[in-house]
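Undergrad: Sharing my_file-v5.pdb (PDB, C-alpha atoms) below.
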ATOM      1  CA  MET J  37       2.770  20.735 -26.856
ATOM      2  CA  LEU J  38       5.507  22.716 -28.580
ATOM      3  CA  ALA J  39       5.715  26.491 -28.262
ATOM      4  CA  ILE J  40       7.021  26.716 -31.848
ATOM      5  CA  THR J  41       4.934  25.564 -34.801
ATOM      6  CA  GLU J  42       5.743  25.202 -38.490
ATOM      7  CA  ASN J  43       3.383  25.802 -41.396
ATOM      8  CA  LEU J  44       4.495  24.929 -44.937
ATOM      9  CA  ASN J  45       1.015  25.090 -46.514
ATOM     10  CA  ASP J  46       1.980  28.174 -48.553
ATOM     11  CA  TRP J  47       5.347  26.850 -49.751
ATOM     12  CA  PRO J  48       7.752  28.424 -50.705
ATOM     13  CA  VAL J  49       6.808  30.438 -47.632
ATOM     14  CA  ALA J  50       8.006  28.696 -44.481
ATOM     15  CA  GLU J  51       6.021  30.075 -41.569
ATOM     16  CA  TYR J  52       6.997  29.698 -37.925
ATOM     17  CA  LYS J  53       4.989  30.799 -34.922
ATOM     18  CA  PHE J  54       6.530  31.375 -31.503
ATOM     19  CA  ASP J  55       3.788  31.205 -28.887
ATOM     20  CA  GLY J  56       4.658  30.332 -25.320
ATOM     21  CA  GLN J  57       7.829  29.765 -23.367
ATOM     22  CA  GLN J  58      10.289  27.938 -25.590
ATOM     23  CA  THR J  59      12.200  24.970 -24.242
ATOM     24  CA  LYS J  60      15.317  23.162 -25.406
ATOM     25  CA  GLU J  61      12.996  20.689 -27.186
ATOM     26  CA  ASP J  62      11.309  23.544 -29.079
ATOM     27  CA  ILE J  63      14.672  24.814 -30.286
ATOM     28  CA  GLU J  64      15.741  21.307 -31.350
ATOM     29  CA  TYR J  65      12.454  20.987 -33.267
ATOM     30  CA  LEU J  66      13.071  24.322 -35.002
ATOM     31  CA  VAL J  67      16.600  23.294 -35.995
ATOM     32  CA  ASP J  68      15.213  20.052 -37.473
ATOM     33  CA  CYS J  69      12.595  22.040 -39.415
ATOM     34  CA  TRP J  70      15.172  24.489 -40.764
ATOM     35  CA  ASP J  71      17.443  21.606 -41.709
ATOM     36  CA  ALA J  72      14.701  19.945 -43.763
ATOM     37  CA  ILE J  73      13.854  23.221 -45.537
ATOM     38  CA  ALA J  74      17.436  24.139 -46.363
ATOM     39  CA  HIS J  75      18.041  20.705 -47.864
ATOM     40  CA  ARG J  76      15.044  21.028 -50.199
ATOM     41  CA  GLU J  77      17.447  23.083 -52.315
ATOM     42  CA  THR J  78      14.755  25.396 -53.633
ATOM     43  CA  THR J  79      14.094  29.103 -53.135
ATOM     44  CA  PHE J  80      12.056  29.996 -50.036
ATOM     45  CA  VAL J  81      11.296  32.797 -47.610
ATOM     46  CA  PHE J  82      10.651  32.724 -43.866
ATOM     47  CA  ILE J  83       7.758  34.393 -42.076
ATOM     48  CA  THR J  84       8.325  34.339 -38.331
ATOM     49  CA  LYS J  85       5.357  35.225 -36.120
ATOM     50  CA  ILE J  86       6.322  36.122 -32.581
ATOM     51  CA  ASN J  87       3.479  36.100 -30.082
ATOM     52  CA  THR J  88       5.470  35.165 -26.997
ATOM     53  CA  PHE J  89       9.199  34.712 -26.899
ATOM     54  CA  LYS J  90      11.651  35.011 -24.046
ATOM     55  CA  PRO J  91      15.087  35.167 -25.626
ATOM     56  CA  GLU J  92      17.639  33.107 -23.798
ATOM     57  CA  ILE J  93      21.203  32.884 -25.008
ATOM     58  CA  ALA J  94      21.008  29.111 -24.508
ATOM     59  CA  HIS J  95      18.284  29.086 -27.179
ATOM     60  CA  VAL J  96      19.778  31.656 -29.541
ATOM     61  CA  LYS J  97      23.199  29.978 -29.719
ATOM     62  CA  PRO J  98      22.100  26.679 -31.335
ATOM     63  CA  LEU J  99      20.008  28.575 -33.888
ATOM     64  CA  ALA J 100      22.949  30.824 -34.744
ATOM     65  CA  ARG J 101      25.260  27.810 -34.917
ATOM     66  CA  TRP J 102      22.864  26.135 -37.356
ATOM     67  CA  ALA J 103      22.755  29.280 -39.525
ATOM     68  CA  ILE J 104      26.550  29.513 -39.605
ATOM     69  CA  ASP J 105      26.871  25.821 -40.493
ATOM     70  CA  HIS J 106      24.326  26.219 -43.324
ATOM     71  CA  MET J 107      25.331  29.664 -44.592
ATOM     72  CA  ASP J 108      26.014  28.427 -48.139
ATOM     73  CA  LEU J 109      22.499  26.961 -48.437
ATOM     74  CA  LEU J 110      20.940  30.089 -46.918
ATOM     75  CA  LYS J 111      22.837  32.333 -49.358
ATOM     76  CA  LYS J 112      21.696  30.240 -52.270
ATOM     77  CA  TYR J 113      18.040  29.582 -51.405
ATOM     78  CA  CYS J 114      16.673  31.908 -48.703
ATOM     79  CA  ARG J 115      15.242  35.200 -49.995
ATOM     80  CA  GLY J 116      14.499  36.737 -46.596
ATOM     81  CA  ASN J 117      12.746  36.627 -43.267
ATOM     82  CA  ALA J 118       9.675  38.698 -42.435
ATOM     83  CA  ILE J 119       9.184  38.902 -38.690
ATOM     84  CA  VAL J 120       5.660  39.696 -37.479
ATOM     85  CA  SER J 121       5.275  41.089 -33.980
ATOM     86  CA  ASP J 122       3.159  43.701 -32.290
ATOM     87  CA  ARG J 123       6.161  44.337 -30.051
ATOM     88  CA  ALA J 124       8.674  45.778 -32.504
ATOM     89  CA  MET J 125      11.269  46.674 -29.862
ATOM     90  CA  ALA J 126      11.322  43.142 -28.431
ATOM     91  CA  ALA J 127      11.517  41.663 -31.936
ATOM     92  CA  GLN J 128      14.417  43.982 -32.809
ATOM     93  CA  LEU J 129      16.300  42.978 -29.655
ATOM     94  CA  LEU J 130      15.791  39.310 -30.509
ATOM     95  CA  LEU J 131      16.965  39.866 -34.080
ATOM     96  CA  ASN J 132      20.019  41.851 -32.971
ATOM     97  CA  SER J 133      21.084  39.149 -30.525
ATOM     98  CA  PHE J 134      20.862  36.574 -33.305
ATOM     99  CA  LEU J 135      22.699  38.736 -35.862
ATOM    100  CA  ILE J 136      25.602  39.332 -33.469
ATOM    101  CA  LEU J 137      26.212  35.584 -33.455
ATOM    102  CA  ALA J 138      25.304  34.840 -37.082
ATOM    103  CA  PRO J 139      25.102  37.677 -39.629
ATOM    104  CA  LEU J 140      22.580  36.491 -42.197
ATOM    105  CA  PRO J 141      23.047  36.602 -45.966
ATOM    106  CA  TYR J 142      19.449  37.709 -46.615
ATOM    107  CA  PRO J 143      17.300  40.658 -45.546
ATOM    108  CA  THR J 144      15.197  40.470 -42.420
ATOM    109  CA  THR J 145      12.427  42.984 -41.786
ATOM    110  CA  ILE J 146      10.041  43.431 -38.861
ATOM    111  CA  PHE J 147       6.338  44.072 -39.493
ATOM    112  CA  GLY J 148       3.424  44.843 -37.215
ATOM    113  CA  LEU J 149       0.858  43.291 -39.558
ATOM    114  CA  GLU J 150       0.870  39.816 -41.067
ATOM    115  CA  GLU J 151      -0.541  41.114 -44.375
ATOM    116  CA  ASP J 152       2.449  43.447 -44.786
ATOM    117  CA  ALA J 153       4.852  40.607 -44.028
ATOM    118  CA  LYS J 154       3.183  38.363 -46.605
ATOM    119  CA  ALA J 155       3.318  41.091 -49.273
ATOM    120  CA  TRP J 156       7.024  41.634 -48.545
ATOM    121  CA  ALA J 157       7.692  37.873 -48.654
ATOM    122  CA  ASP J 158       5.928  37.600 -52.021
ATOM    123  CA  SER J 159       7.997  40.477 -53.380
ATOM    124  CA  ARG J 160      11.217  38.787 -52.190
ATOM    125  CA  LEU J 161      10.238  35.555 -53.933
ATOM    126  CA  ALA J 162       9.480  37.452 -57.143
ATOM    127  CA  ALA J 163      12.816  39.297 -57.120
ATOM    128  CA  PRO J 164      15.461  38.038 -59.545
TER     129      PRO J 164
END
If you took the structure in this file and wrote it as structure tokens, what would it be?
TA:
Amino acid sequence: MLAITENLNDWPVAEYKFDGQQTKEDIEYLVDCWDAIAHRETTFVFITKINTFKPEIAHVKPLARWAIDHMDLLKKYCRGNAIVSDRAMAAQLLLNSFLILAPLPYPTTIFGLEEDAKAWADSRLAAP
């Protein structure tokens, strides 16, 4: 069973849940998911729910590499990423480690409540 799950039921919201110790296979799965979304060539927003995540540079690097390789698509179609975590400090450290490797062309905000993240995501999709 994967420690990362994808939910596209509320498209154009792409929701990812990190729950459990991620493996190389989880990260490869996430890269495949992101690749499919970016190539839809339509506006979207990420909601990333972090329940359990142990950041390892071996996992962050391929995600950052993917973002760098797809920066043009992200600039054009991604409106933002709402991160949901009850551990704001840990989420901020994770985000900072990613942004050092791959500065993102869209806003990313950390929320303690899923409802707040969803409201923010909706507002990003509605923005011109």
Undergrad: Within 10 Å of (20.7, 33.7, -54.9) (file coordinates; all atoms listed in the file), which protein or nucleic acid residues are there? I'd like them as a PyMOL selection string.
TA: chain J and resi 79+109-115+141-142+163-164
Undergrad: Take the selection from the previous step and output its residues with C-alpha atoms, as an mmCIF file, in the coordinates of the input.
TA:
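Okay, selection-v6.cif is ready:
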data_model
loop_
_atom_site.group_PDB
_atom_site.id
_atom_site.type_symbol
_atom_site.label_atom_id
_atom_site.label_comp_id
_atom_site.auth_asym_id
_atom_site.auth_seq_id
_atom_site.Cartn_x
_atom_site.Cartn_y
_atom_site.Cartn_z
ATOM 1 C CA THR J 79 14.094 29.103 -53.135
ATOM 2 C CA LEU J 109 22.499 26.961 -48.437
ATOM 3 C CA LEU J 110 20.940 30.089 -46.918
ATOM 4 C CA LYS J 111 22.837 32.333 -49.358
ATOM 5 C CA LYS J 112 21.696 30.240 -52.270
ATOM 6 C CA TYR J 113 18.040 29.582 -51.405
ATOM 7 C CA CYS J 114 16.673 31.908 -48.703
ATOM 8 C CA ARG J 115 15.242 35.200 -49.995
ATOM 9 C CA PRO J 141 23.047 36.602 -45.966
ATOM 10 C CA TYR J 142 19.449 37.709 -46.615
ATOM 11 C CA ALA J 163 12.816 39.297 -57.120
ATOM 12 C CA PRO J 164 15.461 38.038 -59.545
#
Undergrad: Considering only C-alpha atoms, give me a table of residues in region 66-164 of chain J that are at most 7 Å from region 47-55 of chain J, with the closest atom pair and distance in Å for each, as a Markdown table.
TA:
| residue | atom | partner | partner_atom | distance |
| --- | --- | --- | --- | --- |
| J:Thr79 | CA | J:Pro48 | CA | 6.8 |
| J:Phe80 | CA | J:Pro48 | CA | 4.6 |
| J:Val81 | CA | J:Val49 | CA | 5.1 |
| J:Phe82 | CA | J:Ala50 | CA | 4.9 |
| J:Ile83 | CA | J:Glu51 | CA | 4.7 |
| J:Thr84 | CA | J:Tyr52 | CA | 4.8 |
| J:Lys85 | CA | J:Lys53 | CA | 4.6 |
| J:Ile86 | CA | J:Phe54 | CA | 4.9 |
| J:Asn87 | CA | J:Asp55 | CA | 5.0 |
| J:Thr88 | CA | J:Asp55 | CA | 4.7 |
| J:Phe89 | CA | J:Phe54 | CA | 6.3 |
Undergrad: Closest to Lys154 (chain J) among J:Val96, J:Leu66, J:Ala118, J:Leu130, using all atoms listed in the file?
TA: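 Among J:Val96, J:Leu66, J:Ala118, J:Leu130, it is J:Ala118 that comes nearest to Lys154 (chain J).
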Undergrad: For a test of reading the model, state the distance in Å between CA of Ile136 (chain J) and CA of Ala39 (chain J), rounded to one decimal.
TA: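 So the answer is 24.2 Å.
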Undergrad: Counting all atoms listed in the file, what is within 10 Å of Asp152 (chain J), bar same-chain residues fewer than 6 positions away, as a JSON list (two decimals) with C-alpha atoms, in the coordinates of the input?
TA:
[["chain", "number", "residue", "atom", "x", "y", "z"],
["J", 118, "ALA", "CA", 9.68, 38.70, -42.44],
["J", 120, "VAL", "CA", 5.66, 39.70, -37.48],
["J", 146, "ILE", "CA", 10.04, 43.43, -38.86],
["J", 158, "ASP", "CA", 5.93, 37.60, -52.02]]
Undergrad: Please compute the CA of Gln57 (chain J)-CA of Met37 (chain J) distance, one decimal, in Å.
TA: 10.9 Å
Undergrad: For Pro139 (chain J), please output as number ranges by chain all residues within 10 Å (counting only C-alpha atoms; exclusion window: fewer than 4 positions along the same chain).
TA: J: 100, 103-104, 107, 132, 134-135
Undergrad: Given only C-alpha atoms as the basis, pick out the residue of J:Thr78, J:Thr59, J:Asn45, J:Gln128 nearest to Thr144 (chain J).
TA: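 For Thr144 (chain J), the nearest of the candidates is J:Gln128.
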Undergrad: Closest to Asp122 (chain J) among J:Leu149, J:Arg160, J:Gln58, J:Asn43, using all atoms listed in the file?
TA: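 Result for the nearest residue to Asp122 (chain J): J:Leu149.
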Undergrad: Give the padded box for region 75-87 of chain J as AutoDock Vina command-line options: axis-aligned, covering all atoms listed in the file, 5 Å on each side, centre and edge lengths in Å to one decimal.
TA:
--center_x 10.8 --center_y 28.4 --center_z -41.9 --size_x 24.6 --size_y 25.4 --size_z 33.6
Undergrad: Pick from J:Glu92, J:Asp71, J:Glu64, J:Asp46: nearest to His106 (chain J), with all atoms listed in the file counted?
TA: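 Looking only at the distances to His106 (chain J), the closest residue turns out to be J:Asp71.
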Undergrad: Expressed in Å to a single decimal, how great is the separation between CA of Arg123 (chain J) and CA of Glu42 (chain J)?
TA: 20.9 Å
